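Containing mmCIF, C-alpha atoms: protein_33.cif.
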```
data_start
loop_
_atom_site.label_atom_id
_atom_site.label_comp_id
_atom_site.auth_asym_id
_atom_site.auth_seq_id
_atom_site.Cartn_x
_atom_site.Cartn_y
_atom_site.Cartn_z
CA MET A 1 3.65 45.41 -18.75
CA ALA A 2 3.12 42.39 -20.98
CA LYS A 3 -0.50 41.44 -21.33
CA THR A 4 -1.82 37.97 -21.96
CA PRO A 5 -4.61 37.27 -24.47
CA VAL A 6 -7.52 35.26 -23.15
CA THR A 7 -10.60 34.01 -24.99
CA PHE A 8 -13.60 32.40 -23.37
CA THR A 9 -17.35 32.15 -23.62
CA LEU A 10 -19.24 34.76 -21.60
CA ASN A 11 -22.97 34.16 -21.33
CA GLY A 12 -23.02 32.33 -24.63
CA ALA A 13 -20.99 34.84 -26.63
CA GLU A 14 -17.27 34.81 -27.35
CA ALA A 15 -15.24 37.18 -25.20
CA ALA A 16 -11.65 38.06 -26.02
CA THR A 17 -9.41 40.46 -24.15
CA PHE A 18 -5.88 41.10 -22.92
CA VAL A 19 -5.22 40.76 -19.22
CA ASP A 20 -2.52 42.15 -16.94
CA PRO A 21 -0.29 39.74 -15.01
CA GLY A 22 -2.15 38.59 -11.90
CA ALA A 23 -5.48 40.14 -12.95
CA ASN A 24 -8.43 38.27 -11.51
CA LEU A 25 -11.50 37.34 -13.52
CA LEU A 26 -13.70 39.83 -11.64
CA GLU A 27 -11.55 42.79 -12.74
CA VAL A 28 -11.54 41.51 -16.30
CA LEU A 29 -15.31 41.04 -16.40
CA ARG A 30 -15.98 44.47 -14.95
CA ARG A 31 -13.21 46.64 -16.43
CA ASN A 32 -12.35 44.93 -19.71
CA LEU A 33 -15.70 43.51 -20.70
CA GLY A 34 -18.16 45.85 -19.01
CA ASP A 35 -20.14 43.16 -17.23
CA LEU A 36 -20.85 44.90 -13.93
CA THR A 37 -23.10 42.22 -12.46
CA PRO A 38 -20.46 40.38 -10.40
CA LYS A 39 -19.48 42.59 -7.44
CA PHE A 40 -16.25 43.20 -5.57
CA GLY A 41 -16.96 42.65 -1.90
CA CYS A 42 -13.90 41.39 -0.09
CA GLY A 43 -11.33 40.18 -2.60
CA GLN A 44 -10.47 37.27 -0.33
CA GLY A 45 -13.14 34.64 -0.83
CA THR A 46 -15.26 35.44 2.19
CA CYS A 47 -18.36 37.19 0.84
CA GLY A 48 -19.29 35.45 -2.43
CA SER A 49 -20.58 38.63 -4.11
CA CYS A 50 -18.26 37.98 -7.08
CA THR A 51 -19.70 34.49 -7.68
CA VAL A 52 -19.96 33.45 -11.34
CA MET A 53 -20.31 30.04 -12.92
CA ILE A 54 -17.37 28.50 -14.74
CA ASP A 55 -18.08 25.33 -16.69
CA GLY A 56 -21.23 24.84 -14.62
CA GLN A 57 -19.62 25.24 -11.19
CA PRO A 58 -20.03 28.19 -8.83
CA ARG A 59 -16.72 30.00 -8.56
CA LEU A 60 -15.30 33.12 -6.97
CA SER A 61 -14.23 35.37 -9.84
CA CYS A 62 -12.03 37.46 -7.53
CA LEU A 63 -9.94 34.39 -6.66
CA THR A 64 -9.74 33.14 -10.25
CA LEU A 65 -6.65 34.16 -12.20
CA ALA A 66 -8.24 35.55 -15.37
CA GLU A 67 -6.04 33.72 -17.83
CA THR A 68 -7.03 30.33 -16.39
CA VAL A 69 -10.52 30.61 -17.93
CA GLU A 70 -9.09 30.32 -21.45
CA GLY A 71 -11.58 28.26 -23.47
CA GLN A 72 -13.99 27.90 -20.56
CA ASN A 73 -17.64 28.80 -20.26
CA VAL A 74 -18.33 31.71 -17.90
CA GLU A 75 -21.87 32.67 -16.86
CA THR A 76 -22.84 35.77 -14.92
CA THR A 77 -26.11 37.28 -13.76
CA ASN A 78 -25.99 39.39 -16.91
CA GLY A 79 -26.87 36.28 -18.90
CA LEU A 80 -29.76 35.11 -16.74
CA ALA A 81 -32.66 37.00 -18.32
CA ASN A 82 -33.80 36.08 -21.82
CA GLY A 83 -34.47 39.52 -23.28
CA PRO A 84 -37.30 40.99 -21.21
CA ASP A 85 -38.08 37.62 -19.65
CA LEU A 86 -36.49 37.28 -16.27
CA HIS A 87 -35.05 33.98 -15.11
CA ALA A 88 -37.29 32.15 -12.62
CA LEU A 89 -34.75 32.89 -9.90
CA GLN A 90 -34.74 36.63 -10.64
CA GLN A 91 -38.53 36.73 -10.63
CA ALA A 92 -38.69 34.82 -7.37
CA PHE A 93 -36.15 37.19 -5.78
CA ILE A 94 -38.33 40.15 -6.78
CA ASP A 95 -41.60 38.56 -5.74
CA GLY A 96 -40.19 37.36 -2.42
CA PHE A 97 -38.33 40.56 -1.47
CA ALA A 98 -35.10 38.57 -1.45
CA ALA A 99 -33.05 41.67 -2.26
CA GLN A 100 -32.73 44.70 -0.04
CA CYS A 101 -29.55 46.60 -0.87
CA GLY A 102 -28.99 44.11 -3.70
CA PHE A 103 -25.22 43.90 -3.46
CA CYS A 104 -25.17 40.18 -2.72
CA SER A 105 -27.94 39.34 -5.20
CA PRO A 106 -25.86 38.59 -8.33
CA GLY A 107 -23.66 36.22 -6.33
CA MET A 108 -26.65 34.63 -4.64
CA LEU A 109 -28.34 34.16 -8.01
CA MET A 110 -25.33 32.41 -9.52
CA SER A 111 -24.86 30.13 -6.52
CA ALA A 112 -28.57 29.32 -6.73
CA LYS A 113 -28.40 28.70 -10.47
CA ALA A 114 -25.44 26.36 -10.03
CA LEU A 115 -27.52 24.43 -7.51
CA LEU A 116 -30.70 24.24 -9.60
CA ASP A 117 -28.80 23.26 -12.75
CA ARG A 118 -27.44 20.27 -10.88
CA ASN A 119 -30.38 19.59 -8.58
CA PRO A 120 -33.71 21.00 -9.85
CA SER A 121 -35.66 20.17 -6.69
CA PRO A 122 -33.39 20.83 -3.73
CA THR A 123 -34.33 20.54 -0.09
CA ARG A 124 -34.16 23.57 2.18
CA ASP A 125 -30.91 22.26 3.69
CA GLU A 126 -29.41 21.88 0.22
CA VAL A 127 -30.34 25.48 -0.57
CA ILE A 128 -28.77 26.69 2.66
CA GLU A 129 -25.64 24.72 1.89
CA ALA A 130 -25.54 26.08 -1.68
CA ILE A 131 -25.57 29.72 -0.53
CA SER A 132 -23.32 29.14 2.48
CA GLY A 133 -20.49 30.87 0.62
CA ASN A 134 -22.54 34.04 0.04
CA LEU A 135 -22.97 36.67 2.72
CA CYS A 136 -26.07 38.87 2.94
CA ARG A 137 -26.16 41.62 5.56
CA CYS A 138 -29.73 42.79 4.93
CA THR A 139 -32.28 40.04 4.59
CA GLY A 140 -31.36 37.50 7.23
CA TYR A 141 -31.27 34.94 4.38
CA GLU A 142 -34.78 33.61 4.91
CA PRO A 143 -36.38 35.44 1.93
CA ILE A 144 -33.47 34.30 -0.25
CA VAL A 145 -33.87 30.66 0.75
CA GLU A 146 -37.61 30.93 0.15
CA ALA A 147 -37.10 32.57 -3.25
CA ILE A 148 -34.76 29.81 -4.40
CA LEU A 149 -37.23 27.15 -3.27
CA THR A 150 -39.99 29.04 -5.07
CA ALA A 151 -37.95 29.24 -8.28
CA ALA A 152 -37.29 25.51 -8.06
CA ARG A 153 -41.05 24.93 -7.98
CA ALA A 154 -41.76 27.40 -10.81
CA PRO A 155 -42.99 26.00 -14.14
CA ARG A 156 -40.17 24.74 -16.26
CA ARG A 157 -39.07 27.06 -19.01
CA ALA A 158 -36.07 27.65 -21.16
CA VAL A 159 -33.62 30.09 -19.71
CA GLY A 160 -30.28 31.40 -20.71
CA ASN A 161 -28.74 33.88 -22.99
CA THR A 162 -29.86 36.03 -25.81
CA VAL A 163 -26.75 35.56 -27.92
CA GLY A 164 -25.03 32.55 -29.39
CA THR A 165 -25.27 28.98 -28.30
CA VAL A 166 -26.58 28.53 -24.89
CA VAL A 167 -25.68 26.43 -22.02
CA GLY A 168 -28.88 27.18 -20.36
CA THR A 169 -30.70 24.64 -18.49
CA ALA A 170 -34.27 24.42 -17.62
CA VAL A 171 -34.94 25.31 -14.04
CA GLY A 172 -37.60 23.96 -11.83
CA ARG A 173 -40.19 21.32 -12.44
CA PRO A 174 -43.93 21.31 -12.67
CA ALA A 175 -45.46 21.42 -9.24
CA MET B 176 6.14 43.76 -10.44
CA LEU B 177 4.16 40.57 -10.73
CA GLU B 178 4.75 38.00 -13.43
CA VAL B 179 2.81 34.87 -14.33
CA VAL B 180 4.71 31.84 -15.60
CA THR B 181 2.56 29.21 -17.31
CA THR B 182 4.17 25.86 -18.06
CA ALA B 183 3.03 22.77 -19.92
CA THR B 184 4.20 20.36 -17.21
CA LEU B 185 4.48 20.30 -13.44
CA ALA B 186 8.20 19.52 -13.75
CA GLU B 187 8.72 22.77 -15.67
CA ALA B 188 6.65 24.60 -13.06
CA ALA B 189 8.90 23.19 -10.33
CA ALA B 190 11.91 24.58 -12.20
CA ALA B 191 10.24 28.02 -12.34
CA MET B 192 9.80 28.20 -8.56
CA GLY B 193 12.14 30.39 -6.51
CA PRO B 194 12.15 33.34 -4.12
CA GLY B 195 8.86 35.27 -4.37
CA ALA B 196 7.22 32.54 -6.46
CA ARG B 197 3.97 30.87 -5.45
CA PHE B 198 2.41 27.93 -7.24
CA LEU B 199 -1.16 28.81 -8.18
CA GLY B 200 -2.99 25.55 -7.48
CA GLY B 201 -6.67 26.40 -7.17
CA GLY B 202 -5.80 30.01 -6.42
CA THR B 203 -7.89 30.50 -3.30
CA LEU B 204 -4.88 31.43 -1.18
CA VAL B 205 -2.50 32.78 -3.82
CA MET B 206 -5.04 35.10 -5.48
CA ARG B 207 -6.06 36.47 -2.11
CA ALA B 208 -2.44 37.49 -1.53
CA VAL B 209 -2.25 38.90 -5.06
CA ASN B 210 -5.49 40.88 -4.66
CA TYR B 211 -4.06 42.46 -1.53
CA THR B 212 -0.79 43.17 -3.38
CA SER B 213 1.30 41.06 -1.06
CA PRO B 214 4.95 42.00 -1.48
CA HIS B 215 5.81 38.35 -0.84
CA VAL B 216 4.35 37.23 -4.17
CA THR B 217 6.27 38.43 -7.22
CA ARG B 218 5.73 35.44 -9.46
CA ILE B 219 2.72 33.17 -9.95
CA VAL B 220 3.65 29.80 -11.40
CA ARG B 221 1.00 27.58 -12.88
CA THR B 222 0.83 24.59 -15.17
CA THR B 223 -1.68 23.53 -17.79
CA GLU B 224 -0.88 19.86 -17.03
CA ARG B 225 -4.00 18.17 -15.76
CA LEU B 226 -3.39 16.76 -12.32
CA ASP B 227 -6.98 15.87 -11.52
CA ASP B 228 -7.17 12.10 -11.89
CA ILE B 229 -8.25 9.79 -9.09
CA ARG B 230 -7.43 6.12 -9.49
CA ALA B 231 -7.11 2.97 -7.47
CA ASP B 232 -3.52 1.82 -7.59
CA GLY B 233 -2.71 -1.53 -5.98
CA GLY B 234 -4.92 -1.20 -2.90
CA ARG B 235 -4.13 2.49 -2.54
CA ILE B 236 -5.98 5.41 -4.04
CA ARG B 237 -3.89 7.94 -5.88
CA ILE B 238 -5.35 11.44 -5.97
CA GLY B 239 -3.88 14.09 -8.28
CA ALA B 240 -2.77 17.30 -6.59
CA GLY B 241 -5.17 19.28 -8.78
CA VAL B 242 -8.28 17.39 -7.67
CA THR B 243 -10.63 19.90 -6.05
CA MET B 244 -12.63 19.46 -2.86
CA ALA B 245 -15.73 19.20 -5.06
CA GLY B 246 -13.96 16.52 -7.09
CA LEU B 247 -13.17 14.54 -3.94
CA ILE B 248 -16.79 14.77 -2.81
CA ALA B 249 -18.09 13.64 -6.21
CA ALA B 250 -15.77 10.65 -6.72
CA ARG B 251 -16.85 7.27 -5.36
CA GLU B 252 -13.26 6.18 -4.70
CA THR B 253 -12.75 9.03 -2.22
CA ASP B 254 -16.06 8.91 -0.37
CA PHE B 255 -14.25 8.43 2.97
CA LEU B 256 -12.62 11.86 2.47
CA ALA B 257 -15.90 13.61 1.63
CA PRO B 258 -16.65 14.74 5.24
CA ALA B 259 -13.28 16.46 5.42
CA ALA B 260 -13.54 17.91 1.89
CA ARG B 261 -17.02 19.22 2.69
CA ALA B 262 -15.62 21.01 5.73
CA VAL B 263 -13.46 23.23 3.52
CA GLY B 264 -14.86 26.67 2.63
CA GLY B 265 -18.16 27.18 0.85
CA PRO B 266 -19.31 25.66 -2.46
CA GLN B 267 -17.33 28.15 -4.56
CA VAL B 268 -14.10 27.53 -2.67
CA ARG B 269 -14.63 23.76 -2.86
CA ALA B 270 -15.02 24.00 -6.65
CA GLN B 271 -11.62 25.62 -6.78
CA ALA B 272 -9.44 24.60 -3.82
CA THR B 273 -7.13 21.67 -4.53
CA VAL B 274 -5.74 18.74 -2.58
CA GLY B 275 -2.18 19.91 -3.21
CA GLY B 276 -3.00 23.42 -2.04
CA ASN B 277 -4.63 22.21 1.15
CA LEU B 278 -1.39 20.48 2.17
CA CYS B 279 0.34 23.86 1.96
CA ALA B 280 -2.40 26.02 3.54
CA PRO B 281 -1.33 27.94 6.65
CA HIS B 282 -3.23 27.92 9.97
CA PRO B 283 -6.24 27.93 10.38
CA TYR B 284 -6.75 26.21 7.02
CA GLY B 285 -5.82 22.67 6.01
CA ASP B 286 -8.74 20.58 7.29
CA LEU B 287 -8.28 18.01 4.53
CA ALA B 288 -4.58 17.71 5.36
CA VAL B 289 -5.61 16.76 8.92
CA ALA B 290 -7.69 13.89 7.56
CA LEU B 291 -4.90 12.78 5.23
CA LEU B 292 -2.36 12.92 8.06
CA ALA B 293 -4.45 10.53 10.15
CA LEU B 294 -4.64 8.22 7.12
CA ASP B 295 -0.85 8.11 6.72
CA ALA B 296 -1.04 9.60 3.24
CA VAL B 297 2.05 9.59 1.06
CA VAL B 298 2.96 12.69 -0.95
CA HIS B 299 4.22 12.13 -4.50
CA LEU B 300 6.36 15.00 -5.69
CA SER B 301 6.99 16.33 -9.14
CA GLY B 302 10.17 14.66 -10.27
CA GLY B 303 9.12 11.30 -8.88
CA GLY B 304 10.12 11.43 -5.21
CA GLU B 305 7.72 10.54 -2.43
CA MET B 306 7.56 11.03 1.31
CA PRO B 307 5.11 10.55 4.16
CA LEU B 308 2.76 13.54 4.53
CA GLU B 309 4.10 14.11 8.04
CA ASN B 310 7.60 14.69 6.65
CA PHE B 311 6.25 16.88 3.86
CA LEU B 312 4.41 19.07 6.37
CA ALA B 313 7.53 19.43 8.52
CA ASN B 314 9.21 21.47 5.80
CA ARG B 315 6.54 22.17 3.25
CA ARG B 316 7.99 25.37 1.84
CA GLN B 317 11.06 23.50 0.68
CA SER B 318 9.56 20.10 -0.02
CA GLY B 319 8.76 20.75 -3.70
CA LEU B 320 5.59 20.69 -5.78
CA VAL B 321 3.02 18.02 -5.07
CA ALA B 322 1.99 15.86 -8.04
CA ALA B 323 -0.36 13.55 -6.15
CA ILE B 324 -1.07 11.93 -2.83
CA SER B 325 -1.89 8.32 -2.18
CA VAL B 326 -3.80 6.82 0.66
CA ALA B 327 -5.21 3.43 1.64
CA ARG B 328 -8.97 3.18 1.99
CA PRO B 329 -9.83 2.84 5.71
CA MET B 330 -11.90 -0.15 6.81
CA GLY B 331 -15.52 0.29 7.86
CA ASP B 332 -15.98 3.11 10.36
CA ALA B 333 -12.32 3.15 11.44
CA PHE B 334 -11.81 6.64 10.08
CA ARG B 335 -13.38 9.63 11.85
CA PHE B 336 -13.24 13.34 11.14
CA ARG B 337 -14.67 16.31 13.00
CA LYS B 338 -14.40 20.03 12.44
CA VAL B 339 -15.42 22.58 15.04
CA SER B 340 -16.34 26.04 13.79
CA ARG B 341 -18.39 28.90 15.15
CA VAL B 342 -20.38 29.41 11.94
CA LYS B 343 -22.13 26.60 10.08
CA PRO B 344 -22.16 25.31 7.43
CA LYS B 345 -19.29 27.51 6.31
CA GLY B 346 -16.85 28.39 9.03
CA ILE B 347 -13.14 28.41 9.74
CA SER B 348 -11.72 25.85 12.15
CA VAL B 349 -11.58 26.48 15.85
CA LEU B 350 -10.05 23.06 15.54
CA SER B 351 -10.37 19.96 13.44
CA MET B 352 -9.59 16.37 14.35
CA ALA B 353 -9.19 13.10 12.53
CA ALA B 354 -8.59 9.60 13.85
CA HIS B 355 -7.81 6.35 12.12
CA LEU B 356 -8.76 3.70 14.66
CA ASN B 357 -6.96 0.60 13.46
CA ARG B 358 -7.83 -2.48 15.45
CA SER B 359 -6.19 -5.80 16.05
CA ALA B 360 -8.03 -8.58 17.92
CA GLY B 361 -10.63 -6.10 19.19
CA ARG B 362 -8.06 -3.70 20.64
CA LEU B 363 -6.85 -0.45 19.15
CA SER B 364 -3.48 -0.82 17.51
CA GLY B 365 -1.46 1.54 15.36
CA VAL B 366 -3.95 4.35 15.90
CA ARG B 367 -3.36 7.67 14.19
CA VAL B 368 -4.79 10.92 15.54
CA ALA B 369 -4.26 14.33 13.93
CA TYR B 370 -5.36 17.86 14.79
CA GLY B 371 -5.74 21.01 12.75
CA ALA B 372 -5.70 24.58 14.10
CA MET B 373 -3.99 23.33 17.28
CA GLY B 374 -0.55 24.42 16.11
CA PRO B 375 1.04 26.22 13.17
CA LYS B 376 0.16 23.34 10.86
CA PRO B 377 -1.71 20.02 10.93
CA LEU B 378 0.01 17.74 13.41
CA ARG B 379 -0.07 14.19 14.71
CA VAL B 380 -0.94 13.86 18.39
CA LEU B 381 1.49 11.25 19.63
CA SER B 382 0.37 11.53 23.28
CA VAL B 383 -3.17 10.51 22.32
CA GLU B 384 -1.97 7.80 19.94
CA ARG B 385 0.14 6.24 22.71
CA ALA B 386 -2.70 6.43 25.23
CA LEU B 387 -5.03 4.64 22.83
CA GLU B 388 -2.63 1.81 22.02
CA GLY B 389 -4.21 -1.43 23.26
CA ALA B 390 -7.25 0.40 24.65
CA ASP B 391 -10.84 -0.31 23.72
CA LEU B 392 -13.32 2.24 22.44
CA THR B 393 -15.38 2.73 25.58
CA ALA B 394 -15.86 5.74 27.82
CA GLN B 395 -13.46 4.14 30.28
CA GLY B 396 -11.01 2.97 27.62
CA VAL B 397 -10.47 6.42 26.13
CA THR B 398 -10.16 8.31 29.46
CA PRO B 399 -6.33 8.29 29.48
CA ALA B 400 -6.33 9.57 25.87
CA LEU B 401 -8.62 12.45 26.81
CA ALA B 402 -6.34 13.37 29.70
CA ALA B 403 -3.45 13.50 27.21
CA ALA B 404 -5.47 15.36 24.56
CA THR B 405 -3.28 18.47 24.48
CA ASP B 406 0.00 17.19 25.96
CA GLY B 407 2.96 18.93 24.41
CA LEU B 408 0.80 21.15 22.22
CA ASP B 409 0.94 24.92 21.96
CA PRO B 410 -2.38 25.89 20.37
CA PRO B 411 -2.64 29.30 18.73
CA ASP B 412 -4.39 32.36 20.13
CA ASP B 413 -6.31 34.01 17.32
CA ALA B 414 -9.55 35.76 16.44
CA LEU B 415 -11.39 32.42 16.24
CA ALA B 416 -10.46 31.10 19.67
CA SER B 417 -7.92 31.60 22.43
CA ALA B 418 -5.28 29.01 23.15
CA TRP B 419 -6.99 28.49 26.52
CA TYR B 420 -10.32 27.76 24.83
CA ARG B 421 -8.76 25.33 22.38
CA ARG B 422 -7.14 23.42 25.26
CA GLU B 423 -10.41 23.32 27.17
CA VAL B 424 -12.56 22.02 24.32
CA ALA B 425 -10.09 19.66 22.65
CA PRO B 426 -10.75 16.74 25.07
CA VAL B 427 -14.52 17.20 24.70
CA HIS B 428 -14.36 16.98 20.93
CA LEU B 429 -11.83 14.17 21.07
CA ARG B 430 -14.22 12.14 23.22
CA ARG B 431 -17.04 12.74 20.74
CA LEU B 432 -14.79 11.82 17.85
CA LEU B 433 -13.61 8.58 19.44
CA LEU B 434 -16.94 7.44 20.82
CA GLY B 435 -18.93 8.57 17.81
CA ASP B 436 -21.16 10.91 19.85
CA ALA B 437 -22.89 13.76 18.10
#
```
Mind turning this structure into structure tokens?
Amino acid sequence: MAKTPVTFTLNGAEAATFVDPGANLLEVLRRNLGDLTPKFGCGQGTCGSCTVMIDGQPRLSCLTLAETVEGQNVETTNGLANGPDLHALQQAFIDGFAAQCGFCSPGMLMSAKALLDRNPSPTRDEVIEAISGNLCRCTGYEPIVEAILTAARAPRRAVGNTVGTVVGTAVGRPA
Amino acid sequence: MLEVVTTATLAEAAAAMGPGARFLGGGTLVMRAVNYTSPHVTRIVRTTERLDDIRADGGRIRIGAGVTMAGLIAARETDFLAPAARAVGGPQVRAQATVGGNLCAPHPYGDLAVALLALDAVVHLSGGGEMPLENFLANRRQSGLVAAISVARPMGDAFRFRKVSRVKPKGISVLSMAAHLNRSAGRLSGVRVAYGAMGPKPLRVLSVERALEGADLTAQGVTPALAAATDGLDPPDDALASAWYRREVAPVHLRRLLLGDA
């Protein structure tokens, strides 16, 4: 089976691999590149647990043909923490008990990051809208919404990746 | 065995289509079939040609087939389509799903196509041909690849769109409705009404259009249109709603759409 080479930026570092015909980005991230943070939930665009960011937009990696991300900038939950320093969203999820089983958390975090990168002080309705494509079967959503609002209010600090040039954006604003 | 054909132009992509081939578009429908190893998809065709421009073109707005729902929402020229684009999927799907793909989406998808149908959109095909969206939808498997659509900007509040779903803000259509309420000397004239999820594909509702001709937009004026709300239609029975339910609620939502009620 002929494989296709694909090169893109993954959390600030160059990633290069060969993909099978029809392989989706989620498979390539998990199997080829060992980034296990995006999850396979449904494979049909319903659950959002495979959410990553591509060129700043929240996207479903399971519905993205892997070779279409050639030259693009892919961010996953793996790139959120800066060494031992958690991203404000991760810290808020921990502090606010926004994860129970945790399966939806990486997708939730990336949808939330895409929102805060674009809109650092969202309203509650904007948060609800931003995670409307992510299912959670444990928390009832309320702790997640609260955590995202808390992260948005957290002191501004640099976030992003430990390697290479970073696309990171500051999150939140001084209260 | 699955193969992926990547072309530099849409015209080359059109030439690569054939039995078992699906054009990728944004991928939200094609990749779902691929992930579930659909035997109906043996070739994915895609193009690296950018088809994502939106421009005003002699009073009409031309929208590239590759413009995403998020792109439609963000662009000032297409603000009148934003309510329909926002009704599609969640944020991730909207960042990916394209205008061209929505025209080809099977029931219960295609909310944007419903809006475009009510606006008398024209489909521009790869290779240069064009046809009214209604004709394109009638035979969309064979109609060819979409390069762009064009549509005239509706006046004032003449254009209305409504989607009914059980889950909000992200839910699949129980039904969707769009109306373009053209007026002439205070009376409705040349009205277009379209439904989604009330048949196998987005459709114009000629019975309602006829009943609204010459009427005025009052509770009394729209009564005949409500009575004709589902004439000649055969709404689907599916997991979202029964055909009976769709028939029952269609006039209620049509009244709200026409009279601007919440």
| query | So how far away is CA of Leu60 (chain A) from CA of Val19 (chain A), in Å? | reply | 17.6 Å
| said: Can you pull out the residues contacting Ala394 (chain B)? Cut-off 10 Å, using all atoms listed in the file, and skip same-chain residues under 6 positions away; I want them as a PyMOL selection string. | reply: chain B and resi 401+430+433-434
| message | I'd like the neighbourhood of Asp436 (chain B) as a list in words, where a residue qualifies if any of its atoms comes within 12 Å (using all atoms listed in the file), though same-chain residues fewer than 5 positions away should be ignored. | response |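 Close residues of Asp436 (chain B): Arg335, Arg337, Leu392, Thr393, Ala394, Val427, His428, Leu429, Arg430 and Arg431 of chain B.
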Go ahead and save the picked residues with C-alpha atoms, as an mmCIF file, in the coordinates of the input.
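Result saved to selection.cif:
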```
data_model
loop_
_atom_site.group_PDB
_atom_site.id
_atom_site.type_symbol
_atom_site.label_atom_id
_atom_site.label_comp_id
_atom_site.auth_asym_id
_atom_site.auth_seq_id
_atom_site.Cartn_x
_atom_site.Cartn_y
_atom_site.Cartn_z
ATOM 1 C CA ARG B 335 -13.380 9.630 11.850
ATOM 2 C CA ARG B 337 -14.670 16.310 13.000
ATOM 3 C CA LEU B 392 -13.320 2.240 22.440
ATOM 4 C CA THR B 393 -15.380 2.730 25.580
ATOM 5 C CA ALA B 394 -15.860 5.740 27.820
ATOM 6 C CA VAL B 427 -14.520 17.200 24.700
ATOM 7 C CA HIS B 428 -14.360 16.980 20.930
ATOM 8 C CA LEU B 429 -11.830 14.170 21.070
ATOM 9 C CA ARG B 430 -14.220 12.140 23.220
ATOM 10 C CA ARG B 431 -17.040 12.740 20.740
#
```
As a PDB file with C-alpha atoms, in the frame of the given file, please: the residues near region 194-202 of chain B (cut-off 6 Å, all atoms listed in the file, same-chain neighbours under 5 positions excluded).
```
ATOM      1  CA  HIS B 215       5.810  38.350  -0.840  1.00  0.00           C
ATOM      2  CA  VAL B 216       4.350  37.230  -4.170  1.00  0.00           C
ATOM      3  CA  THR B 217       6.270  38.430  -7.220  1.00  0.00           C
ATOM      4  CA  ARG B 218       5.730  35.440  -9.460  1.00  0.00           C
ATOM      5  CA  ILE B 219       2.720  33.170  -9.950  1.00  0.00           C
ATOM      6  CA  VAL B 220       3.650  29.800 -11.400  1.00  0.00           C
ATOM      7  CA  ARG B 221       1.000  27.580 -12.880  1.00  0.00           C
ATOM      8  CA  GLN B 271     -11.620  25.620  -6.780  1.00  0.00           C
ATOM      9  CA  ALA B 272      -9.440  24.600  -3.820  1.00  0.00           C
ATOM     10  CA  THR B 273      -7.130  21.670  -4.530  1.00  0.00           C
ATOM     11  CA  GLY B 276      -3.000  23.420  -2.040  1.00  0.00           C
TER      12      GLY B 276
END
```
| Any idea which chain B residues end up within 10 Å of chain A if we count only C-alpha atoms, as a ChimeraX atom specification please? | /B:176-181,199,201-212,217-219,221-223,245,264-271,342-346
| Residues around (4.7, 19.8, 21.0), cut-off 10 Å, counting all atoms listed in the file - what are they as a list of chain:residue names? |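 Residues satisfying the cut-off, written out: B:Gly374, B:Leu378, B:Arg379, B:Val380, B:Leu381, B:Ser382, B:Thr405, B:Asp406, B:Gly407, B:Leu408, B:Asp409, B:Pro410.
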| request: Determine the residue membership of the PyMOL selection byres ((chain B and resi 292-305) around 9) for the file above and supply it as a PyMOL selection string. | output: chain B and resi 185-186+189+240+287-291+306-309+311+318-329+334+352-355+366-370+377-379
